[in-house]
Each structure stands twice: as C-alpha cells, then as structure tokens.
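Below: one structure, written as structure tokens.
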Amino acid sequence: MVMRFYVTTPIYYVNSTPTLGHAYTTIAADILTRHHRQRGDDTFFLTGVDEHADKVARVAAEQGLEPQEYADRIVGVWQELPQRLNAINDFFIRTSDDGHKRFVQEFLQRIYDNGDVYQDVYAGWYCVGCEAFKTEAELVDGKCPEHGTVAEWLEEKNWFFRLSAYQEKLLQLYDERPEFVLPQIRYNEARSFIEGGLHDFSISRATQAWGVPIPWDPEHVAYVWADALVNYRSALTYAPGEQLERFWPAVHLLAKDILRFHCVYWPALLLSAGEEPPKQLFVHGYLNFDNCKMSKSLGNVIDPLELIDVYGADAVRYYAARATSFGHDGNVAVDDVRERYERELGNDLGNLVSRTTAMIARYRDGSLEQTDAAPPWDADALREELVSLLDRFDITGALDEIWLRVRRLNQYVEESAPWQLAKDEGRAGELTSVLYNLADGLTAIAVALAPYLPESAPRILDALGQPADDLSLERIRRGSAIPAGGIEPAPPLFPRIELPAAAQ
Ligand code: MSP
C-alpha cells in the first residue's frame, strides 16, 4: 500500500525578508519530504506566504504602496527561499491567490451555516507582531513578551467563532491520539491550554480593508489567522496536480510561537467546517542568536540567502539539521556554520570520499570489485533507525546516526591501513575487501544523506561509479555498491572557502 505524506510549513509573513529561522522550517519539511520519497511514499510539500496581515498593510503604507502592490514586490525573495534551499515544494501558496480566497470564503460560510459564528463587540489589547489579542496577564508592562512592543487597544464589532463549544471534542481528539502533537511537552502544553477553558475568538476585522471579505458581511474581512490557517486545506483545491484532495489530512511543522493557533484553533475550525483534523503537528524550537529568538523585530537575524552564497545550500541545510536538536531551542552563529563546514563536511565526509576514490584509483586502477568481508557497521540497522527516528521527526537524531557511521568509516581506514596492505602482495584480497567496504559504506551513507545534502549525495555516488538517480531507501543495505570501473580521485566535495577579509 502506498503511504501518503503531506507536509506543510507555516506561511510566512511578508512584512520583511526571510531569516535563517524561516529557512529552518522549510529545510526540515524538505528533509522529511525527501525521506518519504525515498520510502516510495506519495508526497506533497506546501510552503508559501501570509499576506493579509495588518503588519503587512502597515509596512506597505510606510512605503506609500497599496498592500497588494507591496506584497507583489516582496514575494520574489520569499519564493527564492525554497528554491535556493533546494526544496522540492510542490506548491508555493500566496493568500492573495484567487483560489485561496474563494476557498476561505466557502470554508467560513460552512462554519457560519453550522451555527458556530455570532456577532459581538470585542475590546482588548492587540499585538500586531503576533496578530493576536492578548490578555492583561500575557503582557509584561503592557508589552508583548515575544515582540517587546506595546500592545494596542482595539475595540470593534466582530464575528466570533464559538471555540468554547469545541473544548470537549478537542480533549477527546487529544486523548484518542497521544501523538497528535509532538514533542510530548508541546502536546501537554496544548492539552492543558484546552483544559484551562477555551474562549471564543474573533474571526473578522471591521477596521481593516486588507483581507478576504466575510461572505455574509462583506464590510468585514477575515481575521488574518482565520484566513491563513485555511491555506493548508485550500491549496489542495487549486494547486496544479491531479486529485490533490487525497493528501488531506496534513502534517504541520511550526515553531512554538504559533502553537495555539495550530494545535487548538485550527483543529476546531476544521471540525466545525466538517473536515478531518490535521494528521499530526510537530512543534520545533527557536533558533536563537545570543539566547534570543532570531527575528526581524529584534534585529538579530542571519540572512539565509547570504549564507547559501558563501557555503552553498547543502551546508546550510546540514547546519540547520545538525547544530540544534530539532524540537529544542538552540543558539546559532555564522562562525559555527564555517566550523562545521570545515570540520564535518570537509574533513569527516569530504576527505573520506577523496581518500576512498583515490585509493581505488591508485591500488586497483579505478576498479571496484564486490566482496563479502564483514563491514565495519550494519547498514540494515542504519536504515531501520532512520525510519524510526524520522517517523518521530528527529531529523537531528537521524543525522547524528549517519555521522557516527561516517566517523566509524574514517576509523576503519586508519585501522585497516590500506597503504600498508598495498605493500604486501599476499594481502591483496584483504585490500580489495577494505576498498569495497569503504565504497559500500559510502554508498549507504550517500543515500542516507540524500535528504540532507541533495547536491552532494549524488556526487558521492557518481564518484564511486554508483547509480546516482535511484535514491531509494533500500539502497541503504549491506552489499548495495555494485562493481564499477573508471573511478578517479574525486575533487573535494566541500572545498575550503576563502572569505573576503571584510567578512572574517
Ligand atoms: N504567518 C504566520 C503563520 C501562519 S501559518 C497558517 C507566521 N509567520 S512568521 O513569518 O512569523 O513565521 C513564523 C514561523 O517561522 C515559525 O513558526 C517558524 O516555523 C519559523 N521561524 C521564524 N523564526 C524562527 C526562529 N528564530 N527559530 C525557529 N523558527 C522560526 O507566524
């Protein structure tokens, strides 16, 4: 039976340009998608942008532009983000797409027809950064702790969604599906928020013109979250492709800043609209800079496109997956990217490929012969570990497992000292076996790394004379490398990078 895997990133606000924090979720979603493709699953990967936010309208006004005109100008750099990261997203959604707007209206109408919407006056503190109302208790000295900005008093007649009516249904959903939200700590957080009592929330704005008109009251527009969350469902109705509806429900990736919207509001909206709730949600941590969440409003960002310019997409993907345990917060720094690039990608992996190919070229005239001597580690076990770790979204744990094997192969080179074996004709068979085990181990490693390093993995296979177009998971097994000829010393996979003096 073919399994389906539909994964999403949050749709990012276009009020400014992408940071490494945004790239982070896109990279994670791409690694998971590529892994599921290796398993032969039917995959769909969605990312995109959230345009109808008040903060987008404000930035546009500052620049003297209409919001749509502003969004049209800045969207290019957001579309560039997945492309430059080498992400294989199937669609890039914009909430200003006609197909999306049409679906949002239809979706909200269903909720209305279901009796879950009523009109009331809302008065409260609003954080434009979060695009959310805040209780007094959530503010610190009148400021939003997440954005450090002063909340604004908002009072208007709104349409409300009866979230309170869904408390029991949500608790039931959480009880039936103990892995509905991962990691466990986030599941607990969401569940206790629900248990604490749910308040109805406003799904419309009267004072704002930028947004999707409420179908039964076109003077109002949909509240940005009631519009944005629906993207995960709307995309399947109009993205290019056949029968995309088969992909619902989705797996959502997000950071903890938007946990309530995704883990509480969204499933309730779906239930009200008569749709299936999401399949699963994974809530990852923050990439911090000096222990502070990287964000444009705090002014401490790393530009992912600049990093890619210097180190390439593979290195940025590798760094994102490896430096911080996925699911936890972690500090990031540009110097660390360089350090890992040189030490791990360059020395551990790149040198291993160069040495292996150079020894096959030198000692065996470029020919790889298949042998069945015991390898230094069990590739079948690695494959099984990868599947079980990645089923739990542990992209860092899976990469750690692969890297242990990279280091073990390096150790194997030292222990078996092929240069010594080459001096002794009586040990020719042993040398052939060592060279095969190295090539075979590297073949398994290349396939295992393919979701992380989509550019370098096929290059490793190529250098070893192995087919580079088939990256299926079954190739991570003992004896997967086939006999080959014409193997030449491979040029460095991750060459040393000389930074311009100003950037050092
Ligand atoms: N537009 C909303 C999401 C709507 S989804 C229906 C939004 N946009 S955002 O531009 O602020 O993006 C937030 C998301 O970007 C986070 O949930 C996370 O996925 C990613 N990240 C942005 N900065 C991040 C870090 N510094 N660290 C980790 N992830 C970060 O919220």
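Chain labels run A, B, ... following the order of the structure tokens; each chain numbers its residues from 1, and ligands are numbered from 1 in the order shown.
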
Practice prompt. Write out as a VMD selection string all residues of segment 137-302 of chain A that backbone DSSP assigns to strand (DSSP E or B).
Written response: chain A and resid 140 143 150 152 to 161 181 to 182 201 to 202 204 to 205 213 to 214 217 to 222 251 to 255 280 to 284 287 to 289 292 to 293

Per residue of chain A within 6 Å of ligand 1, note the shortest atom pair and the distance in Å to one decimal, counting only C-alpha atoms and all ligand atoms, and order the rows by chain and increasing residue number, as CSV.
```
residue,atom,partner,partner_atom_place_in_ligand_line,distance
A:Pro10,CA,ligand 1,5 (S),3.8
A:Ile11,CA,ligand 1,5 (S),4.5
A:Tyr12,CA,ligand 1,10 (O),3.5
A:Tyr13,CA,ligand 1,10 (O),4.0
A:Gly21,CA,ligand 1,24 (C),3.4
A:His22,CA,ligand 1,20 (C),4.2
A:Thr25,CA,ligand 1,19 (O),5.0
A:Asp50,CA,ligand 1,1 (N),5.0
A:Ala228,CA,ligand 1,6 (C),4.4
A:Leu229,CA,ligand 1,6 (C),3.7
A:Leu254,CA,ligand 1,19 (O),4.1
A:Ala255,CA,ligand 1,17 (O),3.7
A:Asp257,CA,ligand 1,17 (O),5.7
A:Ile258,CA,ligand 1,17 (O),5.6
A:Gly285,CA,ligand 1,28 (C),5.7
A:Tyr286,CA,ligand 1,27 (N),3.4
A:Leu287,CA,ligand 1,27 (N),3.8
A:Asn288,CA,ligand 1,26 (N),5.8
A:Lys293,CA,ligand 1,26 (N),4.9
A:Met294,CA,ligand 1,26 (N),4.0
A:Ser295,CA,ligand 1,26 (N),5.7
```

Could those residues be written to a file, using N, CA, C and O atoms, as a JSON list (two decimals), in the first residue's frame?
```json
[["chain", "number", "residue", "atom", "x", "y", "z"],
["A", 10, "PRO", "N", 4.66, 26.75, 8.12],
["A", 10, "PRO", "CA", 3.77, 27.90, 8.27],
["A", 10, "PRO", "C", 3.93, 28.76, 7.02],
["A", 10, "PRO", "O", 4.97, 28.71, 6.35],
["A", 11, "ILE", "N", 2.92, 29.54, 6.71],
["A", 11, "ILE", "CA", 3.12, 30.50, 5.62],
["A", 11, "ILE", "C", 3.65, 31.78, 6.28],
["A", 11, "ILE", "O", 3.11, 32.25, 7.27],
["A", 12, "TYR", "N", 4.74, 32.27, 5.74],
["A", 12, "TYR", "CA", 5.49, 33.34, 6.41],
["A", 12, "TYR", "C", 4.93, 34.72, 6.08],
["A", 12, "TYR", "O", 4.52, 34.97, 4.94],
["A", 13, "TYR", "N", 4.97, 35.59, 7.06],
["A", 13, "TYR", "CA", 4.53, 36.98, 6.85],
["A", 13, "TYR", "C", 5.49, 37.69, 5.91],
["A", 13, "TYR", "O", 6.71, 37.59, 6.09],
["A", 21, "GLY", "N", 15.69, 31.61, 10.53],
["A", 21, "GLY", "CA", 14.58, 30.99, 11.27],
["A", 21, "GLY", "C", 13.50, 30.48, 10.32],
["A", 21, "GLY", "O", 12.96, 29.39, 10.50],
["A", 22, "HIS", "N", 13.17, 31.25, 9.32],
["A", 22, "HIS", "CA", 12.16, 30.80, 8.35],
["A", 22, "HIS", "C", 12.72, 29.65, 7.50],
["A", 22, "HIS", "O", 12.03, 28.66, 7.24],
["A", 25, "THR", "N", 12.43, 25.93, 9.12],
["A", 25, "THR", "CA", 11.25, 25.06, 8.99],
["A", 25, "THR", "C", 11.14, 24.52, 7.56],
["A", 25, "THR", "O", 10.76, 23.38, 7.35],
["A", 50, "ASP", "N", 1.97, 34.51, 3.86],
["A", 50, "ASP", "CA", 0.79, 35.03, 4.52],
["A", 50, "ASP", "C", 0.78, 36.54, 4.26],
["A", 50, "ASP", "O", 1.65, 37.25, 4.76],
["A", 228, "ALA", "N", -5.29, 32.58, 7.10],
["A", 228, "ALA", "CA", -4.00, 31.92, 6.86],
["A", 228, "ALA", "C", -4.03, 30.42, 7.14],
["A", 228, "ALA", "O", -3.53, 29.63, 6.34],
["A", 229, "LEU", "N", -4.62, 30.02, 8.25],
["A", 229, "LEU", "CA", -4.62, 28.58, 8.58],
["A", 229, "LEU", "C", -5.27, 27.76, 7.48],
["A", 229, "LEU", "O", -4.84, 26.63, 7.19],
["A", 254, "LEU", "N", 5.84, 23.65, 12.64],
["A", 254, "LEU", "CA", 5.76, 25.04, 13.10],
["A", 254, "LEU", "C", 6.66, 25.20, 14.31],
["A", 254, "LEU", "O", 7.08, 24.21, 14.91],
["A", 255, "ALA", "N", 6.92, 26.47, 14.67],
["A", 255, "ALA", "CA", 7.66, 26.69, 15.91],
["A", 255, "ALA", "C", 6.66, 26.99, 17.02],
["A", 255, "ALA", "O", 5.48, 27.23, 16.76],
["A", 257, "ASP", "N", 5.99, 29.47, 18.72],
["A", 257, "ASP", "CA", 5.31, 30.77, 18.78],
["A", 257, "ASP", "C", 3.86, 30.71, 18.32],
["A", 257, "ASP", "O", 3.05, 31.55, 18.70],
["A", 258, "ILE", "N", 3.55, 29.74, 17.47],
["A", 258, "ILE", "CA", 2.19, 29.70, 16.91],
["A", 258, "ILE", "C", 1.49, 28.39, 17.23],
["A", 258, "ILE", "O", 0.69, 27.89, 16.46],
["A", 285, "GLY", "N", 11.66, 24.09, 18.11],
["A", 285, "GLY", "CA", 12.09, 25.20, 18.96],
["A", 285, "GLY", "C", 12.55, 26.40, 18.15],
["A", 285, "GLY", "O", 12.36, 26.45, 16.93],
["A", 286, "TYR", "N", 13.17, 27.33, 18.83],
["A", 286, "TYR", "CA", 13.67, 28.54, 18.19],
["A", 286, "TYR", "C", 15.15, 28.44, 17.88],
["A", 286, "TYR", "O", 15.92, 27.90, 18.68],
["A", 287, "LEU", "N", 15.53, 28.99, 16.76],
["A", 287, "LEU", "CA", 16.94, 29.26, 16.52],
["A", 287, "LEU", "C", 17.20, 30.60, 17.18],
["A", 287, "LEU", "O", 16.57, 31.60, 16.83],
["A", 288, "ASN", "N", 18.07, 30.57, 18.15],
["A", 288, "ASN", "CA", 18.37, 31.79, 18.90],
["A", 288, "ASN", "C", 19.70, 32.37, 18.48],
["A", 288, "ASN", "O", 20.59, 31.65, 18.02],
["A", 293, "LYS", "N", 15.50, 34.84, 20.54],
["A", 293, "LYS", "CA", 14.92, 34.36, 19.28],
["A", 293, "LYS", "C", 15.29, 35.29, 18.13],
["A", 293, "LYS", "O", 15.15, 36.50, 18.24],
["A", 294, "MET", "N", 15.78, 34.65, 17.06],
["A", 294, "MET", "CA", 16.14, 35.46, 15.90],
["A", 294, "MET", "C", 14.86, 35.98, 15.24],
["A", 294, "MET", "O", 13.99, 35.22, 14.88],
["A", 295, "SER", "N", 14.72, 37.29, 15.16],
["A", 295, "SER", "CA", 13.56, 37.81, 14.46],
["A", 295, "SER", "C", 13.84, 39.23, 13.98],
["A", 295, "SER", "O", 14.65, 39.94, 14.57]]
```

Worksheet item: If you run DSSP on the backbone, which residues of segment 306-496 of chain A are alpha helix (DSSP H), as a PyMOL selection string?
Response: chain A and resi 306-311+313-323+334-340+351-364+379-391+395-416+418-421+428-449+456-463

Worksheet entry | Non-local contacts of segment 139-142 of chain A (12 Å; only C-alpha atoms; under 2 positions in same chain excluded) as a ChimeraX atom specification | /A:124-127,133-137,144-153

Filtering to all heavy atoms, could you give me those residues as a compact mmCIF listing (two decimals), in the first residue's frame?
```
# COMPACT_ATOMS: atom_id res chain seq x y z
N GLY A 124 -10.04 44.85 23.57
CA GLY A 124 -8.89 44.20 24.22
C GLY A 124 -7.57 44.68 23.65
O GLY A 124 -7.53 45.49 22.72
N TRP A 125 -6.50 44.18 24.25
CA TRP A 125 -5.15 44.52 23.81
C TRP A 125 -4.76 43.64 22.63
O TRP A 125 -4.99 42.44 22.66
CB TRP A 125 -4.14 44.32 24.94
CG TRP A 125 -4.38 45.26 26.08
CD1 TRP A 125 -4.92 44.96 27.30
CD2 TRP A 125 -4.09 46.67 26.10
NE1 TRP A 125 -4.99 46.08 28.08
CE2 TRP A 125 -4.48 47.15 27.37
CE3 TRP A 125 -3.54 47.56 25.17
CZ2 TRP A 125 -4.34 48.49 27.73
CZ3 TRP A 125 -3.41 48.89 25.54
CH2 TRP A 125 -3.79 49.35 26.80
N TYR A 126 -4.18 44.26 21.63
CA TYR A 126 -3.81 43.53 20.41
C TYR A 126 -2.33 43.73 20.13
O TYR A 126 -1.83 44.86 20.18
CB TYR A 126 -4.63 44.08 19.23
CG TYR A 126 -4.56 43.24 17.99
CD1 TYR A 126 -5.32 42.08 17.88
CD2 TYR A 126 -3.73 43.59 16.93
CE1 TYR A 126 -5.25 41.29 16.73
CE2 TYR A 126 -3.65 42.80 15.78
CZ TYR A 126 -4.42 41.65 15.70
OH TYR A 126 -4.35 40.87 14.57
N CYS A 127 -1.62 42.62 19.87
CA CYS A 127 -0.20 42.73 19.47
C CYS A 127 -0.13 42.53 17.96
O CYS A 127 -0.49 41.46 17.45
CB CYS A 127 0.66 41.69 20.18
SG CYS A 127 2.31 41.60 19.45
N PHE A 133 -4.98 38.97 19.90
CA PHE A 133 -5.37 39.65 21.13
C PHE A 133 -4.59 39.03 22.29
O PHE A 133 -4.27 37.84 22.27
CB PHE A 133 -6.88 39.50 21.37
CG PHE A 133 -7.69 40.46 20.54
CD1 PHE A 133 -8.41 40.01 19.43
CD2 PHE A 133 -7.73 41.81 20.84
CE1 PHE A 133 -9.14 40.89 18.65
CE2 PHE A 133 -8.46 42.70 20.07
CZ PHE A 133 -9.17 42.24 18.98
N LYS A 134 -4.32 39.84 23.30
CA LYS A 134 -3.57 39.38 24.46
C LYS A 134 -4.36 39.71 25.73
O LYS A 134 -4.97 40.80 25.80
CB LYS A 134 -2.21 40.11 24.54
CG LYS A 134 -1.30 39.86 23.36
CD LYS A 134 -0.53 38.58 23.55
CE LYS A 134 0.05 38.08 22.24
NZ LYS A 134 0.84 36.88 22.38
N THR A 135 -4.30 38.84 26.70
CA THR A 135 -4.91 39.16 27.99
C THR A 135 -3.91 40.00 28.77
O THR A 135 -2.71 39.99 28.46
CB THR A 135 -5.22 37.88 28.79
OG1 THR A 135 -3.99 37.21 29.04
CG2 THR A 135 -6.15 36.95 28.04
N GLU A 136 -4.41 40.71 29.80
CA GLU A 136 -3.51 41.53 30.64
C GLU A 136 -2.38 40.65 31.18
O GLU A 136 -1.23 41.06 31.25
CB GLU A 136 -4.28 42.12 31.83
CG GLU A 136 -5.42 43.06 31.44
CD GLU A 136 -4.97 44.53 31.41
OE1 GLU A 136 -3.82 44.79 31.78
OE2 GLU A 136 -5.78 45.38 31.00
N ALA A 137 -2.76 39.42 31.56
CA ALA A 137 -1.78 38.53 32.19
C ALA A 137 -0.65 38.14 31.22
O ALA A 137 0.46 37.82 31.65
CB ALA A 137 -2.48 37.27 32.70
N CYS A 144 4.17 43.04 24.62
CA CYS A 144 4.15 41.63 24.28
C CYS A 144 5.54 41.04 24.54
O CYS A 144 6.53 41.57 24.03
CB CYS A 144 3.79 41.48 22.80
SG CYS A 144 4.16 39.84 22.17
N PRO A 145 5.64 39.99 25.34
CA PRO A 145 6.97 39.45 25.65
C PRO A 145 7.69 38.86 24.43
O PRO A 145 8.91 38.84 24.37
CB PRO A 145 6.69 38.36 26.70
CG PRO A 145 5.23 38.12 26.67
CD PRO A 145 4.56 39.27 26.01
N GLU A 146 6.91 38.42 23.47
CA GLU A 146 7.51 37.82 22.26
C GLU A 146 8.15 38.89 21.37
O GLU A 146 9.21 38.69 20.81
CB GLU A 146 6.40 37.09 21.48
CG GLU A 146 6.83 36.37 20.24
CD GLU A 146 7.40 34.97 20.50
OE1 GLU A 146 7.11 34.38 21.57
OE2 GLU A 146 8.11 34.49 19.64
N HIS A 147 7.47 40.04 21.24
CA HIS A 147 7.95 41.07 20.32
C HIS A 147 8.54 42.31 20.99
O HIS A 147 9.16 43.13 20.32
CB HIS A 147 6.82 41.49 19.37
CG HIS A 147 6.43 40.39 18.42
ND1 HIS A 147 5.42 39.50 18.69
CD2 HIS A 147 6.96 40.02 17.23
CE1 HIS A 147 5.33 38.63 17.70
NE2 HIS A 147 6.25 38.91 16.80
N GLY A 148 8.30 42.45 22.29
CA GLY A 148 8.84 43.61 23.00
C GLY A 148 8.19 44.92 22.59
O GLY A 148 8.72 46.00 22.84
N THR A 149 7.01 44.83 21.95
CA THR A 149 6.33 46.05 21.51
C THR A 149 5.07 46.28 22.35
O THR A 149 4.48 45.33 22.88
CB THR A 149 5.92 45.95 20.02
OG1 THR A 149 5.32 44.65 19.82
CG2 THR A 149 7.12 46.07 19.10
N VAL A 150 4.66 47.53 22.44
CA VAL A 150 3.48 47.89 23.23
C VAL A 150 2.21 47.42 22.51
O VAL A 150 2.04 47.65 21.31
CB VAL A 150 3.43 49.43 23.42
CG1 VAL A 150 2.19 49.85 24.22
CG2 VAL A 150 4.70 49.90 24.11
N ALA A 151 1.33 46.74 23.27
CA ALA A 151 0.08 46.28 22.67
C ALA A 151 -0.86 47.47 22.44
O ALA A 151 -0.76 48.49 23.12
CB ALA A 151 -0.57 45.25 23.58
N GLU A 152 -1.76 47.32 21.46
CA GLU A 152 -2.67 48.43 21.14
C GLU A 152 -4.08 48.07 21.60
O GLU A 152 -4.48 46.91 21.53
CB GLU A 152 -2.70 48.64 19.62
CG GLU A 152 -1.34 49.02 19.06
CD GLU A 152 -1.31 49.01 17.54
OE1 GLU A 152 -2.38 49.08 16.90
OE2 GLU A 152 -0.19 48.91 17.00
N TRP A 153 -4.82 49.08 22.05
CA TRP A 153 -6.21 48.83 22.47
C TRP A 153 -7.11 48.80 21.24
O TRP A 153 -7.07 49.71 20.41
CB TRP A 153 -6.67 49.93 23.43
CG TRP A 153 -8.04 49.66 24.00
CD1 TRP A 153 -9.20 50.26 23.65
CD2 TRP A 153 -8.36 48.69 24.99
NE1 TRP A 153 -10.25 49.74 24.37
CE2 TRP A 153 -9.76 48.76 25.21
CE3 TRP A 153 -7.63 47.75 25.72
CZ2 TRP A 153 -10.43 47.94 26.12
CZ3 TRP A 153 -8.30 46.94 26.64
CH2 TRP A 153 -9.68 47.04 26.82
```

Worksheet item: How many Å lie between atom CA of Tyr412 of chain A and atom CA of Thr432 of chain A, rounded to one decimal?
Response: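 These atoms are spaced 14.0 Å apart.
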
Item to complete: Mind giving me the straight-line distance from atom CA of Asp372 of chain A to atom CA of Leu349 of chain A in Å, one decimal?
Response: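 Between atom CA of Asp372 of chain A and atom CA of Leu349 of chain A the gap is 23.8 Å.
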
Discussion item. What's around Asn437 of chain A at 8 Å? Count only C-alpha atoms, leave out sequence neighbours fewer than 4 positions away in its own chain, and write the answer as a PyMOL selection string.
Written reply: chain A and resi 373-376+433+441

Practice prompt. Give me the residues within 8 Å of Ala28 of chain A as a PyMOL selection string, counting only C-alpha atoms and dropping any in the same chain fewer than 3 places off.
Written response: chain A and resi 24-25+31-32+321+395

Practice prompt. List the neighbours of Leu108 of chain A out to 9 Å using only C-alpha atoms; skip same-chain residues closer than 4 positions along the sequence, and give me the result as a PyMOL selection string.
Written response: chain A and resi 103-104+112-113+214-215+222+226-227+269+273

Within 10 Å of segment 297-311 of chain A, which residues of segment 321-419 of chain A come that close, and what is the closest atom pair and distance in Å for each? Count only C-alpha atoms and give it as a Markdown table.
```
| residue | atom | partner | partner_atom | distance |
| --- | --- | --- | --- | --- |
| A:Val332 | CA | A:Ile302 | CA | 8.9 |
| A:Ala333 | CA | A:Ile302 | CA | 8.2 |
| A:Val334 | CA | A:Ile302 | CA | 7.7 |
| A:Val337 | CA | A:Tyr311 | CA | 8.4 |
| A:Arg338 | CA | A:Tyr311 | CA | 8.0 |
| A:Tyr341 | CA | A:Tyr311 | CA | 7.8 |
```
